Amino acid sequence: MNNIIQKSTIKNYLSLIDKNSVSETDLYEFVNSVNRLYNLKLLSERCVCRQKIEIILTNIKSEIDSLTRKRVNKTVKMSITNDLYKSLSNNLIEQSYSFESLESFASEILLRIDKNDVIEILNNLIINKRRLSSESDLEKFIHEQLCLIYGKDTVHRQYSIGGFLALKADIDIGNGSIGIELKVVDNLTASDMQRIIGQVIYYKRRVYDSNLLLVLVSKATITPAIAELKSFIEELGISVVYLIATN
């Protein structure tokens, strides 16, 4: 997967945000450059950072619409929320590449069904706090995002793993290749945590082995109790992803 192209696109957007003034021409050039990357298949709907780039393009097109209505002084000081800026800045590469440099990349790199790729995708999702009203809403949102990358025939909700307990993984990718268990952790009790440990042990041993992900989502930074749960489950050989929702 070509993270350089995706993350450089995000860095180039943040450089516009950091400027004191951006012209209408600057914005059009950005959109046209991103469109060229899509046409060259250097960006695609299968990108790990697909959602972030979508949000970026929406924001830029909104700025263009605003500037188009102005008769004079067609410049703008762009701004986004601190939460969005922080989310976009997360996990970026150190070196910055211009769009011209990115277009020199010759071929599309296809996305494999790989656990590390899925972790990268999850870490690059921007989850609104309203998605945490129920685990079903969160599951639906993450399922939709994964379907856009891997395809609807590859990603399934409530995937039966068989066995006498008749348990179901929240999300499955590749019919048993990778399993995802989702938990909103803001109000977990000790009993809830014990149940989570039992679930993931069963999923790991029955189907997923080392390709099981426990995704913990919260409105705030990790608490000592959740940190202990995370550490314990990781000691079992299960990957844990902790995500913080934004406003």
# chains A, B, ... in the order shown; residues from 1 in each chain; ligands from 1
>>> select_by_dssp(residues="segment 104-196 of chain A", states="strand (DSSP E or B)", output="list in words")
Asn128, Val155, His156, Arg157, Gln158, Tyr159, Ser160, Lys168, Ala169, Asp170, Ile171, Asp172, Ile173, Ile178, Gly179, Ile180, Glu181, Leu182, Lys183 and Val184 of chain A
>>> write_last_selection(atoms="N, CA and C atoms", output="mmCIF file, in the first residue's frame")
data_model
loop_
_atom_site.group_PDB
_atom_site.id
_atom_site.type_symbol
_atom_site.label_atom_id
_atom_site.label_comp_id
_atom_site.auth_asym_id
_atom_site.auth_seq_id
_atom_site.Cartn_x
_atom_site.Cartn_y
_atom_site.Cartn_z
ATOM 1 N N ASN A 128 -16.844 10.315 14.782
ATOM 2 C CA ASN A 128 -17.561 11.335 15.533
ATOM 3 C C ASN A 128 -18.123 10.736 16.822
ATOM 4 N N VAL A 155 -16.302 -7.973 3.438
ATOM 5 C CA VAL A 155 -16.457 -7.517 4.823
ATOM 6 C C VAL A 155 -17.872 -7.833 5.305
ATOM 7 N N HIS A 156 -17.980 -8.467 6.475
ATOM 8 C CA HIS A 156 -19.287 -8.899 6.984
ATOM 9 C C HIS A 156 -19.464 -8.488 8.444
ATOM 10 N N ARG A 157 -20.698 -8.111 8.776
ATOM 11 C CA ARG A 157 -21.057 -7.826 10.162
ATOM 12 C C ARG A 157 -21.636 -9.084 10.805
ATOM 13 N N GLN A 158 -21.429 -9.189 12.128
ATOM 14 C CA GLN A 158 -21.994 -10.291 12.908
ATOM 15 C C GLN A 158 -21.709 -11.645 12.223
ATOM 16 N N TYR A 159 -20.443 -11.925 12.099
ATOM 17 C CA TYR A 159 -19.956 -13.110 11.384
ATOM 18 C C TYR A 159 -19.894 -14.292 12.344
ATOM 19 N N SER A 160 -20.630 -15.358 12.035
ATOM 20 C CA SER A 160 -20.668 -16.528 12.900
ATOM 21 C C SER A 160 -19.343 -17.287 12.835
ATOM 22 N N LYS A 168 -20.612 -14.490 17.588
ATOM 23 C CA LYS A 168 -20.398 -13.840 16.300
ATOM 24 C C LYS A 168 -19.398 -12.698 16.459
ATOM 25 N N ALA A 169 -18.428 -12.647 15.566
ATOM 26 C CA ALA A 169 -17.496 -11.529 15.541
ATOM 27 C C ALA A 169 -18.229 -10.300 15.012
ATOM 28 N N ASP A 170 -17.950 -9.146 15.577
ATOM 29 C CA ASP A 170 -18.633 -7.924 15.133
ATOM 30 C C ASP A 170 -18.408 -7.688 13.646
ATOM 31 N N ILE A 171 -17.149 -7.788 13.205
ATOM 32 C CA ILE A 171 -16.809 -7.596 11.790
ATOM 33 C C ILE A 171 -15.779 -8.638 11.382
ATOM 34 N N ASP A 172 -15.991 -9.223 10.229
ATOM 35 C CA ASP A 172 -15.034 -10.184 9.661
ATOM 36 C C ASP A 172 -14.583 -9.678 8.293
ATOM 37 N N ILE A 173 -13.315 -9.842 7.999
ATOM 38 C CA ILE A 173 -12.771 -9.501 6.684
ATOM 39 C C ILE A 173 -12.193 -10.761 6.062
ATOM 40 N N ILE A 178 -9.556 -12.104 9.014
ATOM 41 C CA ILE A 178 -9.313 -11.142 10.096
ATOM 42 C C ILE A 178 -10.625 -10.878 10.817
ATOM 43 N N GLY A 179 -10.594 -10.918 12.126
ATOM 44 C CA GLY A 179 -11.780 -10.641 12.923
ATOM 45 C C GLY A 179 -11.607 -9.378 13.742
ATOM 46 N N ILE A 180 -12.702 -8.627 13.894
ATOM 47 C CA ILE A 180 -12.678 -7.384 14.666
ATOM 48 C C ILE A 180 -13.790 -7.420 15.702
ATOM 49 N N GLU A 181 -13.422 -7.221 16.954
ATOM 50 C CA GLU A 181 -14.398 -7.073 18.030
ATOM 51 C C GLU A 181 -14.358 -5.624 18.495
ATOM 52 N N LEU A 182 -15.522 -4.959 18.518
ATOM 53 C CA LEU A 182 -15.604 -3.535 18.848
ATOM 54 C C LEU A 182 -16.208 -3.322 20.230
ATOM 55 N N LYS A 183 -15.638 -2.380 20.963
ATOM 56 C CA LYS A 183 -16.192 -2.046 22.262
ATOM 57 C C LYS A 183 -16.112 -0.538 22.502
ATOM 58 N N VAL A 184 -17.243 0.062 22.893
ATOM 59 C CA VAL A 184 -17.241 1.431 23.400
ATOM 60 C C VAL A 184 -16.936 1.319 24.887
#
>>> residues_around(residues="segment 2-12 of chain A", least_positions_apart="2", cutoff="8 Å", atoms="only C-alpha atoms", output="PyMOL selection string")
chain A and resi 14-16+34+42-43+47-49+52-53+56+88-89+92-93+96-99+102+108-109
>>> write_last_selection(atoms="C-alpha atoms", output="compact mmCIF listing (two decimals), in the first residue's frame")
# COMPACT_ATOMS: atom_id res chain seq x y z
CA LEU A 14 -2.23 20.87 6.25
CA SER A 15 0.35 23.18 4.69
CA LEU A 16 -2.57 25.16 3.21
CA VAL A 34 -5.62 15.11 -6.19
CA LEU A 42 -2.10 6.38 -7.34
CA LEU A 43 -5.06 7.17 -5.11
CA CYS A 47 -6.76 3.78 0.13
CA VAL A 48 -6.19 3.45 3.87
CA CYS A 49 -6.63 7.23 4.25
CA LYS A 52 -9.47 11.66 5.47
CA ILE A 53 -8.86 12.60 1.85
CA ILE A 56 -10.18 17.24 2.87
CA LEU A 88 -5.20 14.54 10.17
CA SER A 89 -1.71 15.10 11.62
CA LEU A 92 2.11 11.31 9.03
CA ILE A 93 5.46 10.79 7.33
CA SER A 96 6.91 16.07 2.46
CA TYR A 97 6.46 15.34 -1.26
CA SER A 98 5.02 17.77 -3.78
CA PHE A 99 2.17 16.64 -6.02
CA LEU A 102 3.88 11.98 -6.20
CA GLU A 108 -0.78 1.27 -8.22
CA ILE A 109 -0.03 -0.88 -5.20
>>> residues_around(residues="Asp65 of chain A", least_positions_apart="4", cutoff="12 Å", atoms="only C-alpha atoms", output="list in words")
Glu24, Leu27, Tyr28, Thr58, Asn59, Ile60, Lys61, Arg69, Lys70, Lys74, Thr75 and Val76 of chain A
>>> write_last_selection(atoms="all heavy atoms", output="tab-separated table (two decimals), in the first residue's frame")
chain	number	residue	atom	x	y	z
A	24	GLU	N	-7.71	31.40	-4.39
A	24	GLU	CA	-8.62	30.51	-5.11
A	24	GLU	C	-7.84	29.60	-6.05
A	24	GLU	O	-8.15	28.41	-6.18
A	24	GLU	CB	-9.64	31.35	-5.88
A	24	GLU	CG	-10.75	30.55	-6.55
A	24	GLU	CD	-11.74	31.45	-7.27
A	24	GLU	OE1	-11.34	32.56	-7.67
A	24	GLU	OE2	-12.90	31.05	-7.41
A	27	LEU	N	-6.33	26.62	-4.26
A	27	LEU	CA	-7.32	25.60	-3.94
A	27	LEU	C	-7.67	24.76	-5.17
A	27	LEU	O	-7.76	23.53	-5.09
A	27	LEU	CB	-8.58	26.24	-3.37
A	27	LEU	CG	-8.40	27.01	-2.05
A	27	LEU	CD1	-9.71	27.64	-1.62
A	27	LEU	CD2	-7.87	26.10	-0.96
A	28	TYR	N	-7.85	25.42	-6.30
A	28	TYR	CA	-8.14	24.68	-7.53
A	28	TYR	C	-6.97	23.77	-7.90
A	28	TYR	O	-7.17	22.62	-8.33
A	28	TYR	CB	-8.43	25.65	-8.68
A	28	TYR	CG	-9.88	26.07	-8.77
A	28	TYR	CD1	-10.25	27.40	-8.58
A	28	TYR	CD2	-10.87	25.13	-9.07
A	28	TYR	CE1	-11.58	27.79	-8.67
A	28	TYR	CE2	-12.21	25.52	-9.16
A	28	TYR	CZ	-12.56	26.85	-8.95
A	28	TYR	OH	-13.88	27.21	-9.04
A	58	THR	N	-13.84	17.74	0.51
A	58	THR	CA	-15.10	18.40	0.84
A	58	THR	C	-14.85	19.79	1.43
A	58	THR	O	-15.51	20.77	1.06
A	58	THR	CB	-15.91	17.55	1.84
A	58	THR	OG1	-16.23	16.30	1.24
A	58	THR	CG2	-17.20	18.25	2.23
A	59	ASN	N	-13.87	19.87	2.35
A	59	ASN	CA	-13.55	21.16	2.96
A	59	ASN	C	-13.00	22.16	1.94
A	59	ASN	O	-13.36	23.34	1.95
A	59	ASN	CB	-12.53	20.97	4.08
A	59	ASN	CG	-13.14	20.31	5.31
A	59	ASN	OD1	-14.35	20.14	5.38
A	59	ASN	ND2	-12.32	19.94	6.26
A	60	ILE	N	-12.15	21.67	1.04
A	60	ILE	CA	-11.56	22.58	0.04
A	60	ILE	C	-12.63	23.06	-0.93
A	60	ILE	O	-12.67	24.24	-1.30
A	60	ILE	CB	-10.42	21.86	-0.71
A	60	ILE	CG1	-9.22	21.73	0.22
A	60	ILE	CG2	-10.08	22.58	-2.00
A	60	ILE	CD1	-7.87	21.85	-0.41
A	61	LYS	N	-13.52	22.17	-1.36
A	61	LYS	CA	-14.57	22.58	-2.29
A	61	LYS	C	-15.51	23.59	-1.64
A	61	LYS	O	-16.03	24.49	-2.30
A	61	LYS	CB	-15.32	21.35	-2.79
A	61	LYS	CG	-14.50	20.51	-3.76
A	61	LYS	CD	-15.15	19.19	-4.11
A	61	LYS	CE	-14.25	18.37	-5.03
A	61	LYS	NZ	-14.78	17.02	-5.32
A	69	ARG	N	-18.02	33.28	-4.63
A	69	ARG	CA	-19.07	34.29	-4.42
A	69	ARG	C	-18.50	35.68	-4.12
A	69	ARG	O	-19.23	36.67	-4.15
A	69	ARG	CB	-20.00	33.84	-3.29
A	69	ARG	CG	-20.84	32.62	-3.64
A	69	ARG	CD	-21.93	32.39	-2.60
A	69	ARG	NE	-21.38	32.00	-1.32
A	69	ARG	CZ	-21.18	30.75	-0.94
A	69	ARG	NH1	-21.49	29.75	-1.77
A	69	ARG	NH2	-20.67	30.46	0.25
A	70	LYS	N	-17.21	35.73	-3.81
A	70	LYS	CA	-16.58	37.02	-3.51
A	70	LYS	C	-16.18	37.73	-4.80
A	70	LYS	O	-15.67	37.12	-5.72
A	70	LYS	CB	-15.34	36.81	-2.64
A	70	LYS	CG	-15.64	36.26	-1.25
A	70	LYS	CD	-14.38	35.98	-0.48
A	70	LYS	CE	-13.69	37.27	-0.08
A	70	LYS	NZ	-12.53	37.02	0.81
A	74	LYS	N	-9.97	37.43	-3.48
A	74	LYS	CA	-10.31	36.01	-3.49
A	74	LYS	C	-9.22	35.17	-2.83
A	74	LYS	O	-8.57	34.33	-3.44
A	74	LYS	CB	-10.58	35.54	-4.91
A	74	LYS	CG	-11.82	36.20	-5.51
A	74	LYS	CD	-12.40	35.41	-6.63
A	74	LYS	CE	-13.74	35.98	-7.05
A	74	LYS	NZ	-14.44	35.13	-8.00
A	75	THR	N	-9.02	35.48	-1.55
A	75	THR	CA	-8.11	34.69	-0.72
A	75	THR	C	-8.83	34.36	0.59
A	75	THR	O	-9.83	35.01	0.95
A	75	THR	CB	-6.81	35.45	-0.41
A	75	THR	OG1	-7.12	36.64	0.32
A	75	THR	CG2	-6.07	35.80	-1.70
A	76	VAL	N	-8.30	33.38	1.29
A	76	VAL	CA	-8.94	32.96	2.53
A	76	VAL	C	-7.88	32.43	3.49
A	76	VAL	O	-6.85	31.92	3.07
A	76	VAL	CB	-9.99	31.85	2.25
A	76	VAL	CG1	-9.34	30.60	1.72
A	76	VAL	CG2	-10.81	31.55	3.50
>>> residues_around(residues="Phe232 of chain A", least_positions_apart="6", cutoff="10 Å", atoms="only C-alpha atoms", output="PDB file with N, CA and C atoms, in the first residue's frame")
ATOM      1  N   ILE A 197     -12.697 -10.374  27.788  1.00  0.00           N
ATOM      2  CA  ILE A 197     -11.559 -11.298  27.803  1.00  0.00           C
ATOM      3  C   ILE A 197     -11.985 -12.684  27.348  1.00  0.00           C
ATOM      4  N   ILE A 226      -8.746   0.616  31.637  1.00  0.00           N
ATOM      5  CA  ILE A 226      -8.747   0.177  30.246  1.00  0.00           C
ATOM      6  C   ILE A 226      -7.324  -0.127  29.790  1.00  0.00           C
ATOM      7  N   ILE A 238      -3.236 -10.918  21.144  1.00  0.00           N
ATOM      8  CA  ILE A 238      -4.333 -10.284  20.408  1.00  0.00           C
ATOM      9  C   ILE A 238      -4.023  -8.793  20.264  1.00  0.00           C
TER      10      ILE A 238
END
>>> atom_distance(atom1="atom CA of Gln51 of chain A", atom2="atom CA of Tyr208 of chain A")
26.9 Å
>>> residues_around(residues="segment 148-153 of chain A", least_positions_apart="6", cutoff="9 Å", atoms="only C-alpha atoms", output="ChimeraX atom specification")
/A:44-48,50,111-113,173-174
>>> write_last_selection(atoms="C-alpha atoms", output="PDB file, in the first residue's frame")
ATOM      1  CA  SER A  44      -8.199   5.029  -5.085  1.00  0.00           C
ATOM      2  CA  GLU A  45     -11.270   4.094  -3.046  1.00  0.00           C
ATOM      3  CA  ARG A  46      -9.129   1.321  -1.557  1.00  0.00           C
ATOM      4  CA  CYS A  47      -6.763   3.779   0.132  1.00  0.00           C
ATOM      5  CA  VAL A  48      -6.190   3.448   3.866  1.00  0.00           C
ATOM      6  CA  ARG A  50      -9.653   7.348   1.943  1.00  0.00           C
ATOM      7  CA  LEU A 111      -4.188  -3.498  -0.853  1.00  0.00           C
ATOM      8  CA  ARG A 112      -3.824  -6.977   0.658  1.00  0.00           C
ATOM      9  CA  ILE A 113      -6.006  -8.373   3.401  1.00  0.00           C
ATOM     10  CA  ILE A 173     -12.771  -9.501   6.684  1.00  0.00           C
ATOM     11  CA  GLY A 174     -12.134 -12.254   4.154  1.00  0.00           C
TER      12      GLY A 174
END
>>> closest_residue(among="A:Val240, A:Met78, A:Leu84, A:Leu125", to="Asn20 of chain A", atoms="only C-alpha atoms")
A:Met78
>>> select_by_dssp(residues="chain A", states="helix (DSSP H, G or I)", output="PyMOL selection string")
chain A and resi 3-18+24-39+50-68+82-89+99-102+115-123+129-133+135-150+190-208+224-235
>>> residues_around(residues="Lys230 of chain A", least_positions_apart="6", cutoff="9 Å", atoms="only C-alpha atoms", output="list in words")
Leu214, Leu216, Ser239, Val240, Val241 and Tyr242 of chain A
>>> closest_residue(among="A:Ser136, A:Asn82, A:Asn73, A:Thr223", to="Ser21 of chain A", atoms="only C-alpha atoms")
A:Asn73
>>> closest_residue(among="A:Gln145, A:Gly163, A:Leu67, A:Asp117", to="Glu54 of chain A", atoms="only C-alpha atoms")
A:Gln145
>>> residues_around(residues="Asn247 of chain A", least_positions_apart="2", cutoff="9 Å", atoms="only C-alpha atoms", output="PyMOL selection string")
chain A and resi 81+83-84+127-130+219+245
>>> closest_residue(among="A:Ala220, A:Ile55, A:Ile233, A:Leu122", to="Gln194 of chain A", atoms="only C-alpha atoms")
A:Ile233
